[in-house]
$ cat protein.pdb   # PDB, C-alpha atoms and all ligand atoms
ATOM      1  CA  MET N 275     -15.227  11.505 -12.018  1.00  0.00           C
ATOM      2  CA  GLN N 276     -12.034  10.492 -10.259  1.00  0.00           C
ATOM      3  CA  ARG N 277      -8.806  11.959 -11.575  1.00  0.00           C
ATOM      4  CA  ILE N 278      -5.598  10.038 -12.083  1.00  0.00           C
ATOM      5  CA  LEU N 279      -2.196  11.494 -12.850  1.00  0.00           C
ATOM      6  CA  VAL N 280       0.076   9.111 -14.772  1.00  0.00           C
ATOM      7  CA  VAL N 281       3.768   9.946 -14.382  1.00  0.00           C
ATOM      8  CA  GLU N 282       5.886   7.987 -16.832  1.00  0.00           C
ATOM      9  CA  ASP N 283       8.591   9.084 -19.266  1.00  0.00           C
ATOM     10  CA  GLU N 284       8.211   6.053 -21.538  1.00  0.00           C
ATOM     11  CA  PRO N 285       5.523   7.303 -23.990  1.00  0.00           C
ATOM     12  CA  THR N 286       4.273   3.821 -24.945  1.00  0.00           C
ATOM     13  CA  ILE N 287       3.661   2.804 -21.341  1.00  0.00           C
ATOM     14  CA  ALA N 288       2.220   6.193 -20.409  1.00  0.00           C
ATOM     15  CA  ARG N 289      -0.221   6.035 -23.317  1.00  0.00           C
ATOM     16  CA  ALA N 290      -1.273   2.431 -22.623  1.00  0.00           C
ATOM     17  CA  VAL N 291      -1.880   3.117 -18.934  1.00  0.00           C
ATOM     18  CA  ALA N 292      -3.730   6.372 -19.622  1.00  0.00           C
ATOM     19  CA  ASP N 293      -5.914   4.784 -22.332  1.00  0.00           C
ATOM     20  CA  ARG N 294      -6.854   1.875 -20.108  1.00  0.00           C
ATOM     21  CA  LEU N 295      -7.767   4.084 -17.167  1.00  0.00           C
ATOM     22  CA  ALA N 296      -9.708   6.497 -19.391  1.00  0.00           C
ATOM     23  CA  ALA N 297     -11.618   3.555 -20.873  1.00  0.00           C
ATOM     24  CA  GLU N 298     -12.601   2.613 -17.334  1.00  0.00           C
ATOM     25  CA  GLY N 299     -14.112   6.001 -16.670  1.00  0.00           C
ATOM     26  CA  PHE N 300     -11.270   7.890 -14.998  1.00  0.00           C
ATOM     27  CA  ALA N 301     -10.134  11.336 -16.031  1.00  0.00           C
ATOM     28  CA  VAL N 302      -6.422  11.028 -16.809  1.00  0.00           C
ATOM     29  CA  GLU N 303      -3.505  13.373 -17.268  1.00  0.00           C
ATOM     30  CA  ILE N 304       0.089  12.450 -18.129  1.00  0.00           C
ATOM     31  CA  ALA N 305       3.348  13.975 -16.861  1.00  0.00           C
ATOM     32  CA  ALA N 306       6.665  12.825 -18.319  1.00  0.00           C
ATOM     33  CA  ASP N 307       9.253  14.058 -15.817  1.00  0.00           C
ATOM     34  CA  GLY N 308       9.700  14.902 -12.146  1.00  0.00           C
ATOM     35  CA  PRO N 309       9.131  18.674 -12.198  1.00  0.00           C
ATOM     36  CA  ALA N 310       6.097  18.305 -14.502  1.00  0.00           C
ATOM     37  CA  ALA N 311       4.666  15.693 -12.137  1.00  0.00           C
ATOM     38  CA  VAL N 312       4.928  17.953  -9.102  1.00  0.00           C
ATOM     39  CA  ALA N 313       3.362  20.839 -11.050  1.00  0.00           C
ATOM     40  CA  ALA N 314       0.534  18.610 -12.333  1.00  0.00           C
ATOM     41  CA  ALA N 315      -0.156  17.236  -8.858  1.00  0.00           C
ATOM     42  CA  ARG N 316      -0.659  20.822  -7.749  1.00  0.00           C
ATOM     43  CA  SER N 317      -2.806  22.062 -10.649  1.00  0.00           C
ATOM     44  CA  TYR N 318      -4.732  18.871 -11.457  1.00  0.00           C
ATOM     45  CA  ALA N 319      -5.322  17.710  -7.847  1.00  0.00           C
ATOM     46  CA  PRO N 320      -5.529  14.008  -8.744  1.00  0.00           C
ATOM     47  CA  ASP N 321      -7.277  11.384  -6.587  1.00  0.00           C
ATOM     48  CA  LEU N 322      -4.392   9.010  -7.266  1.00  0.00           C
ATOM     49  CA  ILE N 323      -0.956   9.131  -8.893  1.00  0.00           C
ATOM     50  CA  VAL N 324       0.511   6.266 -10.899  1.00  0.00           C
ATOM     51  CA  LEU N 325       4.198   7.060 -10.507  1.00  0.00           C
ATOM     52  CA  ASP N 326       7.188   5.604 -12.313  1.00  0.00           C
ATOM     53  CA  VAL N 327      10.405   5.528 -10.267  1.00  0.00           C
ATOM     54  CA  MET N 328      13.008   6.334 -12.920  1.00  0.00           C
ATOM     55  CA  LEU N 329      12.217   9.731 -14.385  1.00  0.00           C
ATOM     56  CA  PRO N 330      14.138  12.600 -15.968  1.00  0.00           C
ATOM     57  CA  GLY N 331      14.500  15.771 -13.887  1.00  0.00           C
ATOM     58  CA  PHE N 332      14.208  14.127 -10.509  1.00  0.00           C
ATOM     59  CA  ASP N 333      12.996  10.644  -9.754  1.00  0.00           C
ATOM     60  CA  GLY N 334       9.714   9.209  -8.490  1.00  0.00           C
ATOM     61  CA  LEU N 335      10.929   9.136  -4.875  1.00  0.00           C
ATOM     62  CA  GLU N 336      11.501  12.857  -4.930  1.00  0.00           C
ATOM     63  CA  VAL N 337       8.150  13.415  -6.670  1.00  0.00           C
ATOM     64  CA  CYS N 338       6.467  11.334  -3.972  1.00  0.00           C
ATOM     65  CA  ARG N 339       8.153  13.290  -1.171  1.00  0.00           C
ATOM     66  CA  ARG N 340       7.373  16.704  -2.600  1.00  0.00           C
ATOM     67  CA  VAL N 341       3.775  15.863  -3.474  1.00  0.00           C
ATOM     68  CA  GLN N 342       3.020  14.228  -0.117  1.00  0.00           C
ATOM     69  CA  ALA N 343       4.549  17.177   1.729  1.00  0.00           C
ATOM     70  CA  GLU N 344       2.098  19.529   0.036  1.00  0.00           C
ATOM     71  CA  HIS N 345      -1.055  17.434  -0.055  1.00  0.00           C
ATOM     72  CA  PRO N 346      -1.310  13.709   0.752  1.00  0.00           C
ATOM     73  CA  VAL N 347      -2.497  11.676  -2.229  1.00  0.00           C
ATOM     74  CA  PRO N 348      -2.506   7.904  -2.792  1.00  0.00           C
ATOM     75  CA  VAL N 349       0.410   6.704  -4.920  1.00  0.00           C
ATOM     76  CA  LEU N 350       0.785   3.499  -6.919  1.00  0.00           C
ATOM     77  CA  MET N 351       4.475   3.174  -7.740  1.00  0.00           C
ATOM     78  CA  LEU N 352       5.753   1.517 -10.930  1.00  0.00           C
ATOM     79  CA  THR N 353       9.052  -0.242 -10.297  1.00  0.00           C
ATOM     80  CA  ALA N 354      11.491  -1.876 -12.675  1.00  0.00           C
ATOM     81  CA  ARG N 355      12.390  -4.837 -10.482  1.00  0.00           C
ATOM     82  CA  ASP N 356      11.238  -6.612  -7.337  1.00  0.00           C
ATOM     83  CA  ASP N 357      14.392  -5.588  -5.480  1.00  0.00           C
ATOM     84  CA  GLU N 358      13.660  -1.977  -6.355  1.00  0.00           C
ATOM     85  CA  THR N 359      10.278  -2.390  -4.651  1.00  0.00           C
ATOM     86  CA  ASP N 360      12.016  -3.791  -1.563  1.00  0.00           C
ATOM     87  CA  MET N 361      14.446  -0.886  -1.546  1.00  0.00           C
ATOM     88  CA  LEU N 362      11.625   1.669  -1.748  1.00  0.00           C
ATOM     89  CA  VAL N 363       9.630  -0.012   1.004  1.00  0.00           C
ATOM     90  CA  GLY N 364      12.791  -0.022   3.103  1.00  0.00           C
ATOM     91  CA  LEU N 365      13.198   3.690   2.570  1.00  0.00           C
ATOM     92  CA  GLY N 366       9.632   4.305   3.691  1.00  0.00           C
ATOM     93  CA  VAL N 367       8.809   6.324   0.598  1.00  0.00           C
ATOM     94  CA  GLY N 368       5.135   6.222   1.497  1.00  0.00           C
ATOM     95  CA  ALA N 369       3.567   4.817  -1.660  1.00  0.00           C
ATOM     96  CA  ASP N 370       0.308   2.950  -1.091  1.00  0.00           C
ATOM     97  CA  ASP N 371       1.154   0.096  -3.400  1.00  0.00           C
ATOM     98  CA  TYR N 372       3.822  -1.054  -5.821  1.00  0.00           C
ATOM     99  CA  ILE N 373       3.584  -2.832  -9.138  1.00  0.00           C
ATOM    100  CA  THR N 374       6.596  -4.319 -10.904  1.00  0.00           C
ATOM    101  CA  LYS N 375       7.124  -3.943 -14.655  1.00  0.00           C
ATOM    102  CA  PRO N 376       6.076  -5.606 -16.853  1.00  0.00           C
ATOM    103  CA  PHE N 377       2.462  -5.684 -15.703  1.00  0.00           C
ATOM    104  CA  SER N 378      -0.815  -6.354 -17.465  1.00  0.00           C
ATOM    105  CA  MET N 379      -3.304  -3.527 -17.892  1.00  0.00           C
ATOM    106  CA  ARG N 380      -5.837  -5.711 -16.121  1.00  0.00           C
ATOM    107  CA  GLU N 381      -3.604  -5.962 -13.070  1.00  0.00           C
ATOM    108  CA  LEU N 382      -2.851  -2.253 -13.158  1.00  0.00           C
ATOM    109  CA  SER N 383      -6.515  -1.264 -13.164  1.00  0.00           C
ATOM    110  CA  ALA N 384      -7.306  -3.777 -10.404  1.00  0.00           C
ATOM    111  CA  ARG N 385      -4.540  -2.325  -8.247  1.00  0.00           C
ATOM    112  CA  VAL N 386      -5.636   1.264  -8.937  1.00  0.00           C
ATOM    113  CA  ARG N 387      -9.199   0.403  -7.901  1.00  0.00           C
ATOM    114  CA  ALA N 388      -7.983  -1.422  -4.795  1.00  0.00           C
ATOM    115  CA  VAL N 389      -5.931   1.573  -3.636  1.00  0.00           C
ATOM    116  CA  LEU N 390      -8.867   3.925  -4.214  1.00  0.00           C
ATOM    117  CA  ARG N 391     -11.211   1.580  -2.329  1.00  0.00           C
ATOM    118  CA  ARG N 392      -8.841   1.362   0.625  1.00  0.00           C
ATOM    119  CA  VAL N 393      -8.509   5.117   0.770  1.00  0.00           C
ATOM    120  CA  GLU N 394     -12.297   5.532   0.613  1.00  0.00           C
ATOM    121  CA  ARG N 395     -12.711   2.943   3.324  1.00  0.00           C
ATOM    122  CA  SER N 396     -10.249   4.755   5.552  1.00  0.00           C
ATOM    123  CA  ALA N 397     -12.071   8.062   5.052  1.00  0.00           C
ATOM    124  CA  ALA N 398     -15.608   6.737   5.568  1.00  0.00           C
ATOM    125  CA  PRO N 399     -17.021   6.285   9.060  1.00  0.00           C
ATOM    126  CA  PRO N 400     -17.019   2.580   9.948  1.00  0.00           C
ATOM    127  CA  ALA N 401     -20.420   0.954   9.612  1.00  0.00           C
ATOM    128  CA  THR N 402     -20.662  -1.852  12.155  1.00  0.00           C
ATOM    129  CA  PRO N 403     -19.462  -2.483  15.729  1.00  0.00           C
ATOM    130  CA  VAL N 404     -17.209  -5.260  14.404  1.00  0.00           C
ATOM    131  CA  GLU N 405     -15.456  -2.721  12.190  1.00  0.00           C
ATOM    132  CA  THR N 406     -14.999  -0.244  15.021  1.00  0.00           C
ATOM    133  CA  ALA N 407     -13.826  -2.739  17.643  1.00  0.00           C
ATOM    134  CA  THR N 408     -10.326  -2.322  18.972  1.00  0.00           C
ATOM    135  CA  LEU N 409      -8.146  -5.341  18.251  1.00  0.00           C
ATOM    136  CA  ARG N 410      -5.534  -6.141  20.872  1.00  0.00           C
ATOM    137  CA  ALA N 411      -2.652  -8.500  20.387  1.00  0.00           C
ATOM    138  CA  GLY N 412       0.056  -8.345  23.023  1.00  0.00           C
ATOM    139  CA  PRO N 413       1.845  -4.987  22.695  1.00  0.00           C
ATOM    140  CA  LEU N 414      -0.338  -4.085  19.726  1.00  0.00           C
ATOM    141  CA  GLU N 415      -3.540  -2.047  19.810  1.00  0.00           C
ATOM    142  CA  ILE N 416      -5.459  -1.561  16.593  1.00  0.00           C
ATOM    143  CA  ASP N 417      -8.292   0.953  16.866  1.00  0.00           C
ATOM    144  CA  GLN N 418     -10.384   0.191  13.814  1.00  0.00           C
ATOM    145  CA  GLY N 419     -12.741   3.090  14.462  1.00  0.00           C
ATOM    146  CA  SER N 420     -10.113   5.827  14.320  1.00  0.00           C
ATOM    147  CA  ARG N 421      -7.707   3.621  12.319  1.00  0.00           C
ATOM    148  CA  ARG N 422      -4.899   4.234  14.787  1.00  0.00           C
ATOM    149  CA  VAL N 423      -2.274   1.696  15.713  1.00  0.00           C
ATOM    150  CA  ARG N 424      -0.175   1.662  18.856  1.00  0.00           C
ATOM    151  CA  ARG N 425       2.705  -0.531  19.835  1.00  0.00           C
ATOM    152  CA  ASP N 426       3.527  -0.451  23.564  1.00  0.00           C
ATOM    153  CA  GLY N 427       1.317   2.632  23.842  1.00  0.00           C
ATOM    154  CA  ARG N 428       3.233   4.540  21.144  1.00  0.00           C
ATOM    155  CA  GLU N 429       1.335   5.507  18.036  1.00  0.00           C
ATOM    156  CA  VAL N 430       2.695   4.149  14.751  1.00  0.00           C
ATOM    157  CA  HIS N 431       1.713   5.741  11.458  1.00  0.00           C
ATOM    158  CA  LEU N 432       0.652   3.233   8.781  1.00  0.00           C
ATOM    159  CA  THR N 433      -0.468   3.735   5.193  1.00  0.00           C
ATOM    160  CA  PRO N 434      -4.033   2.570   4.378  1.00  0.00           C
ATOM    161  CA  THR N 435      -2.624  -0.583   2.763  1.00  0.00           C
ATOM    162  CA  GLU N 436      -0.403  -1.375   5.745  1.00  0.00           C
ATOM    163  CA  PHE N 437      -3.365  -0.814   8.061  1.00  0.00           C
ATOM    164  CA  GLU N 438      -5.591  -3.225   6.112  1.00  0.00           C
ATOM    165  CA  LEU N 439      -2.845  -5.842   6.001  1.00  0.00           C
ATOM    166  CA  LEU N 440      -2.197  -5.615   9.732  1.00  0.00           C
ATOM    167  CA  GLY N 441      -5.933  -5.754  10.460  1.00  0.00           C
ATOM    168  CA  CYS N 442      -6.316  -8.867   8.349  1.00  0.00           C
ATOM    169  CA  LEU N 443      -3.412 -10.584  10.137  1.00  0.00           C
ATOM    170  CA  ALA N 444      -4.695  -9.486  13.555  1.00  0.00           C
ATOM    171  CA  ARG N 445      -8.232 -10.745  12.961  1.00  0.00           C
ATOM    172  CA  ASN N 446      -6.701 -14.107  12.081  1.00  0.00           C
ATOM    173  CA  ARG N 447      -3.909 -14.076  14.636  1.00  0.00           C
ATOM    174  CA  GLY N 448      -2.113 -17.345  15.131  1.00  0.00           C
ATOM    175  CA  THR N 449      -3.314 -18.555  11.723  1.00  0.00           C
ATOM    176  CA  VAL N 450      -0.956 -18.698   8.776  1.00  0.00           C
ATOM    177  CA  LEU N 451      -2.406 -16.744   5.857  1.00  0.00           C
ATOM    178  CA  THR N 452      -1.045 -17.476   2.410  1.00  0.00           C
ATOM    179  CA  ARG N 453       0.145 -14.665   0.159  1.00  0.00           C
ATOM    180  CA  ALA N 454      -2.731 -15.459  -2.204  1.00  0.00           C
ATOM    181  CA  VAL N 455      -5.297 -15.071   0.591  1.00  0.00           C
ATOM    182  CA  LEU N 456      -3.757 -11.805   1.773  1.00  0.00           C
ATOM    183  CA  LEU N 457      -3.636 -10.524  -1.786  1.00  0.00           C
ATOM    184  CA  GLU N 458      -7.307 -11.251  -2.223  1.00  0.00           C
ATOM    185  CA  GLN N 459      -8.401  -9.895   1.168  1.00  0.00           C
ATOM    186  CA  VAL N 460      -6.286  -6.765   1.275  1.00  0.00           C
ATOM    187  CA  TRP N 461      -5.633  -5.948  -2.367  1.00  0.00           C
ATOM    188  CA  ASP N 462      -8.848  -7.396  -3.839  1.00  0.00           C
ATOM    189  CA  TRP N 463      -6.585  -8.956  -6.385  1.00  0.00           C
ATOM    190  CA  ALA N 464      -6.530 -12.682  -7.158  1.00  0.00           C
ATOM    191  CA  GLY N 465      -3.415 -13.122  -9.243  1.00  0.00           C
ATOM    192  CA  ALA N 466      -0.062 -14.708  -8.597  1.00  0.00           C
ATOM    193  CA  SER N 467       1.804 -11.717 -10.014  1.00  0.00           C
ATOM    194  CA  GLY N 468       1.041  -9.530  -7.035  1.00  0.00           C
ATOM    195  CA  THR N 469       2.378 -11.716  -4.250  1.00  0.00           C
ATOM    196  CA  ARG N 470       5.571  -9.702  -4.076  1.00  0.00           C
ATOM    197  CA  ALA N 471       3.502  -6.708  -2.944  1.00  0.00           C
ATOM    198  CA  VAL N 472       2.515  -8.744   0.111  1.00  0.00           C
ATOM    199  CA  ASP N 473       6.162  -9.406   0.983  1.00  0.00           C
ATOM    200  CA  SER N 474       7.080  -5.757   0.555  1.00  0.00           C
ATOM    201  CA  HIS N 475       4.289  -4.546   2.807  1.00  0.00           C
ATOM    202  CA  VAL N 476       5.082  -7.135   5.479  1.00  0.00           C
ATOM    203  CA  LYS N 477       8.619  -5.739   5.465  1.00  0.00           C
ATOM    204  CA  ALA N 478       7.231  -2.244   5.902  1.00  0.00           C
ATOM    205  CA  LEU N 479       5.090  -3.362   8.846  1.00  0.00           C
ATOM    206  CA  ARG N 480       8.071  -5.048  10.493  1.00  0.00           C
ATOM    207  CA  ARG N 481      10.138  -1.922  10.060  1.00  0.00           C
ATOM    208  CA  LYS N 482       7.450   0.178  11.733  1.00  0.00           C
ATOM    209  CA  LEU N 483       6.170  -2.220  14.387  1.00  0.00           C
ATOM    210  CA  GLY N 484       9.217  -4.314  15.169  1.00  0.00           C
ATOM    211  CA  ALA N 485      10.307  -7.612  13.660  1.00  0.00           C
ATOM    212  CA  ASP N 486       8.899  -9.872  16.372  1.00  0.00           C
ATOM    213  CA  LEU N 487       5.169  -9.811  15.567  1.00  0.00           C
ATOM    214  CA  ILE N 488       4.782 -11.166  12.060  1.00  0.00           C
ATOM    215  CA  ARG N 489       6.165 -14.628  11.474  1.00  0.00           C
ATOM    216  CA  THR N 490       7.173 -15.859   8.021  1.00  0.00           C
ATOM    217  CA  VAL N 491       6.200 -19.441   7.327  1.00  0.00           C
ATOM    218  CA  HIS N 492       8.477 -20.319   4.450  1.00  0.00           C
ATOM    219  CA  GLY N 493       6.689 -21.462   1.348  1.00  0.00           C
ATOM    220  CA  VAL N 494       3.303 -20.736   2.943  1.00  0.00           C
ATOM    221  CA  GLY N 495       2.745 -17.182   4.118  1.00  0.00           C
ATOM    222  CA  TYR N 496       2.545 -15.026   7.230  1.00  0.00           C
ATOM    223  CA  SER N 497       0.936 -15.039  10.637  1.00  0.00           C
ATOM    224  CA  LEU N 498       0.654 -12.533  13.444  1.00  0.00           C
ATOM    225  CA  GLU N 499       2.037 -13.985  16.607  1.00  0.00           C
ATOM    226  CA  VAL N 500       2.303 -12.272  19.915  1.00  0.00           C
ATOM    227  CA  PRO N 501       5.544 -12.686  21.812  1.00  0.00           C
ATOM    228  CA  GLN N 502       4.908 -14.207  25.243  1.00  0.00           C
ATOM    229  CA  PRO N 503       6.120 -12.107  28.158  1.00  0.00           C
ATOM    230  CA  VAL N 504       9.046 -13.509  30.103  1.00  0.00           C
ATOM    231  CA  GLY N 505       7.774 -15.711  32.928  1.00  0.00           C
ATOM    232  CA  GLY N 506       4.835 -17.086  30.927  1.00  0.00           C
ATOM    233  CA  GLY N 507       1.215 -16.047  30.928  1.00  0.00           C
ATOM    234  CA  ARG N 508      -0.849 -14.738  28.080  1.00  0.00           C
ATOM    235  CA  GLY N 509       0.362 -11.548  26.444  1.00  0.00           C
ATOM    236  CA  ASP N 510      -3.071 -10.199  25.654  1.00  0.00           C
ATOM    237  CA  ALA N 511      -4.803  -8.503  28.513  1.00  0.00           C
TER     238      ALA N 511
HETATM  239 CA    CA N 601      11.006   5.558 -16.497  1.00  0.00          CA
END

$ encode --input "protein.pdb" --output "structure tokens"
Amino acid sequence: MQRILVVEDEPTIARAVADRLAAEGFAVEIAADGPAAVAAARSYAPDLIVLDVMLPGFDGLEVCRRVQAEHPVPVLMLTARDDETDMLVGLGVGADDYITKPFSMRELSARVRAVLRRVERSAAPPATPVETATLRAGPLEIDQGSRRVRRDGREVHLTPTEFELLGCLARNRGTVLTRAVLLEQVWDWAGASGTRAVDSHVKALRRKLGADLIRTVHGVGYSLEVPQPVGGGRGDA
């Protein structure tokens, strides 16, 4: 049975989230403030933490930092506003996904399952040669077997979600993928309410890989495009 730690100081939300996840077969524990969350992460050893940002004691960012420093665990962050999500992504807090309040319990459980699936996928040995192939796009090298990414030969650390998103864009390079398509392919979630998560993770990728690789097509979506070297010629060797 997979264990989930729900960290939320609002009792109504904490209860609703915990009940839903328990009904879906997860073991659930609740912590209501920062210090309790860090202690529970240690004693309960959850497979995933659903973590509210604004908490008494110290906030979700600090919880995330302290917990990840001790033992890496996937985190789904609950944020109050879209701009709060952007801010957290900008800070590189290291959550695996973000969900903005208010959210439906259906969306929450879909996102929890998607994060757990991605983490499982990243831990399991890849099954087919297609999945282990190294994708190259200009300065970018994506080793799907070892799940390592390099830009100009330098290794860049990505979260499982960022890795899946980059892989999806790279396999379809030059093609504009809509937010809805990315949401379905990467997050396994077909719902308009999650499209902001796509934007936030694209921002995170740009921050880590440089701003020149992922192009925004306004009103449509994103595509991976490789900058051409000065003097022409194809960038992918
Ligand atoms: Ca709160």

$ residues_around --input "protein.pdb" --residues "N:Glu405" --least-positions-apart "4" --cutoff "12 Å" --atoms "all atoms listed in the file" --output "list in words"
Arg395, Ser396, Ala398, Pro399, Pro400, Ala401, Leu409, Ile416, Asp417, Gln418, Gly419, Ser420, Arg421, Glu438, Gly441, Cys442 and Arg445 of chain N

$ resolve_selection --input "protein.pdb" --expression "the PyMOL selection byres (((chain N and resi 328) around 12) and not hetatm)" --output "number ranges by chain"
N: 281-284, 306-308, 325-327, 329-337, 351-355, 358, 375

$ resolve_selection --input "protein.pdb" --expression "the PyMOL selection byres (((chain N and resi 293) around 12) and not hetatm)" --output "PDB file with C-alpha atoms, in the frame of the given file"
ATOM      1  CA  ILE N 278      -5.598  10.038 -12.083  1.00  0.00           C
ATOM      2  CA  VAL N 280       0.076   9.111 -14.772  1.00  0.00           C
ATOM      3  CA  PRO N 285       5.523   7.303 -23.990  1.00  0.00           C
ATOM      4  CA  THR N 286       4.273   3.821 -24.945  1.00  0.00           C
ATOM      5  CA  ILE N 287       3.661   2.804 -21.341  1.00  0.00           C
ATOM      6  CA  ALA N 288       2.220   6.193 -20.409  1.00  0.00           C
ATOM      7  CA  ARG N 289      -0.221   6.035 -23.317  1.00  0.00           C
ATOM      8  CA  ALA N 290      -1.273   2.431 -22.623  1.00  0.00           C
ATOM      9  CA  VAL N 291      -1.880   3.117 -18.934  1.00  0.00           C
ATOM     10  CA  ALA N 292      -3.730   6.372 -19.622  1.00  0.00           C
ATOM     11  CA  ARG N 294      -6.854   1.875 -20.108  1.00  0.00           C
ATOM     12  CA  LEU N 295      -7.767   4.084 -17.167  1.00  0.00           C
ATOM     13  CA  ALA N 296      -9.708   6.497 -19.391  1.00  0.00           C
ATOM     14  CA  ALA N 297     -11.618   3.555 -20.873  1.00  0.00           C
ATOM     15  CA  GLU N 298     -12.601   2.613 -17.334  1.00  0.00           C
ATOM     16  CA  GLY N 299     -14.112   6.001 -16.670  1.00  0.00           C
ATOM     17  CA  PHE N 300     -11.270   7.890 -14.998  1.00  0.00           C
ATOM     18  CA  ALA N 301     -10.134  11.336 -16.031  1.00  0.00           C
ATOM     19  CA  VAL N 302      -6.422  11.028 -16.809  1.00  0.00           C
ATOM     20  CA  GLU N 303      -3.505  13.373 -17.268  1.00  0.00           C
ATOM     21  CA  ILE N 304       0.089  12.450 -18.129  1.00  0.00           C
ATOM     22  CA  MET N 379      -3.304  -3.527 -17.892  1.00  0.00           C
ATOM     23  CA  LEU N 382      -2.851  -2.253 -13.158  1.00  0.00           C
ATOM     24  CA  SER N 383      -6.515  -1.264 -13.164  1.00  0.00           C
TER      25      SER N 383
END

$ atom_distance --input "protein.pdb" --atom1 "atom CA of N:Pro346" --atom2 "atom CA of N:Ala464"
28.0 Å

$ resolve_selection --input "protein.pdb" --expression "the PyMOL selection byres (((chain N and resi 452) around 9) and not hetatm)" --output "list in words"
Val450, Leu451, Arg453, Ala454, Val455, Leu456, Leu457, Val491, Gly493, Val494, Gly495, Tyr496 and Ser497 of chain N

$ residues_around --input "protein.pdb" --residues "stretch 482-487 of chain N" --least-positions-apart "2" --cutoff "7 Å" --atoms "all atoms listed in the file" --output "VMD selection string"
chain N and resid 425 430 478 to 480 489 498 to 501

$ atom_distance --input "protein.pdb" --atom1 "atom CA of N:Thr406" --atom2 "atom CA of N:Met275"
29.5 Å

$ atom_distance --input "protein.pdb" --atom1 "atom CA of N:Ala411" --atom2 "atom CA of N:Leu443"
10.5 Å

$ residues_near_point --input "protein.pdb" --point "(0.1, 8.5, -1.6)" --cutoff "9 Å" --atoms "all atoms listed in the file" --output "PyMOL selection string"
chain N and resi 322-323+338+341-342+346-350+368-371+433

$ closest_residue --input "protein.pdb" --among "N:Val324, N:Lys477, N:Phe437, N:Ala314" --to "N:Val386" --atoms "all atoms listed in the file"
N:Val324

$ decode --input "protein.pdb" --residues "stretch 331-379 of chain N" --atoms "C-alpha atoms" --output "PDB file, in the first residue's frame"
ATOM      1  CA  GLY N 331       5.462  27.079  11.928  1.00  0.00           C
ATOM      2  CA  PHE N 332       7.380  27.305   8.692  1.00  0.00           C
ATOM      3  CA  ASP N 333       5.992  27.194   5.194  1.00  0.00           C
ATOM      4  CA  GLY N 334       5.768  24.497   2.529  1.00  0.00           C
ATOM      5  CA  LEU N 335       8.950  25.691   0.797  1.00  0.00           C
ATOM      6  CA  GLU N 336      10.946  25.123   3.939  1.00  0.00           C
ATOM      7  CA  VAL N 337       9.243  21.752   4.492  1.00  0.00           C
ATOM      8  CA  CYS N 338      10.138  20.779   0.929  1.00  0.00           C
ATOM      9  CA  ARG N 339      13.777  21.813   1.379  1.00  0.00           C
ATOM     10  CA  ARG N 340      14.243  20.041   4.688  1.00  0.00           C
ATOM     11  CA  VAL N 341      12.492  16.856   3.589  1.00  0.00           C
ATOM     12  CA  GLN N 342      14.322  16.638   0.255  1.00  0.00           C
ATOM     13  CA  ALA N 343      17.657  17.221   1.980  1.00  0.00           C
ATOM     14  CA  GLU N 344      17.078  14.172   4.165  1.00  0.00           C
ATOM     15  CA  HIS N 345      15.396  11.790   1.749  1.00  0.00           C
ATOM     16  CA  PRO N 346      14.079  12.666  -1.729  1.00  0.00           C
ATOM     17  CA  VAL N 347      10.330  12.130  -2.016  1.00  0.00           C
ATOM     18  CA  PRO N 348       7.882  13.249  -4.718  1.00  0.00           C
ATOM     19  CA  VAL N 349       5.943  16.383  -3.772  1.00  0.00           C
ATOM     20  CA  LEU N 350       2.653  17.693  -5.138  1.00  0.00           C
ATOM     21  CA  MET N 351       2.390  21.308  -4.017  1.00  0.00           C
ATOM     22  CA  LEU N 352      -0.940  23.012  -3.267  1.00  0.00           C
ATOM     23  CA  THR N 353      -0.800  26.689  -4.184  1.00  0.00           C
ATOM     24  CA  ALA N 354      -3.252  29.496  -3.569  1.00  0.00           C
ATOM     25  CA  ARG N 355      -2.823  31.248  -6.906  1.00  0.00           C
ATOM     26  CA  ASP N 356      -1.308  30.692 -10.335  1.00  0.00           C
ATOM     27  CA  ASP N 357       1.290  33.401  -9.740  1.00  0.00           C
ATOM     28  CA  GLU N 358       2.332  31.619  -6.566  1.00  0.00           C
ATOM     29  CA  THR N 359       2.995  28.522  -8.682  1.00  0.00           C
ATOM     30  CA  ASP N 360       5.124  30.611 -11.053  1.00  0.00           C
ATOM     31  CA  MET N 361       7.052  32.060  -8.133  1.00  0.00           C
ATOM     32  CA  LEU N 362       7.767  28.602  -6.696  1.00  0.00           C
ATOM     33  CA  VAL N 363       8.867  27.213 -10.048  1.00  0.00           C
ATOM     34  CA  GLY N 364      11.127  30.239 -10.409  1.00  0.00           C
ATOM     35  CA  LEU N 365      12.691  29.514  -7.053  1.00  0.00           C
ATOM     36  CA  GLY N 366      13.376  25.932  -8.077  1.00  0.00           C
ATOM     37  CA  VAL N 367      11.714  24.531  -4.979  1.00  0.00           C
ATOM     38  CA  GLY N 368      11.820  21.059  -6.481  1.00  0.00           C
ATOM     39  CA  ALA N 369       8.190  19.972  -6.267  1.00  0.00           C
ATOM     40  CA  ASP N 370       7.163  17.423  -8.890  1.00  0.00           C
ATOM     41  CA  ASP N 371       3.874  19.077  -9.688  1.00  0.00           C
ATOM     42  CA  TYR N 372       1.676  21.958  -8.605  1.00  0.00           C
ATOM     43  CA  ILE N 373      -2.068  22.251  -8.265  1.00  0.00           C
ATOM     44  CA  THR N 374      -3.839  25.563  -7.723  1.00  0.00           C
ATOM     45  CA  LYS N 375      -6.694  25.941  -5.234  1.00  0.00           C
ATOM     46  CA  PRO N 376      -9.573  25.431  -5.621  1.00  0.00           C
ATOM     47  CA  PHE N 377      -9.234  22.011  -7.225  1.00  0.00           C
ATOM     48  CA  SER N 378     -11.587  19.078  -7.621  1.00  0.00           C
ATOM     49  CA  MET N 379     -10.865  15.855  -5.760  1.00  0.00           C
TER      50      MET N 379
END
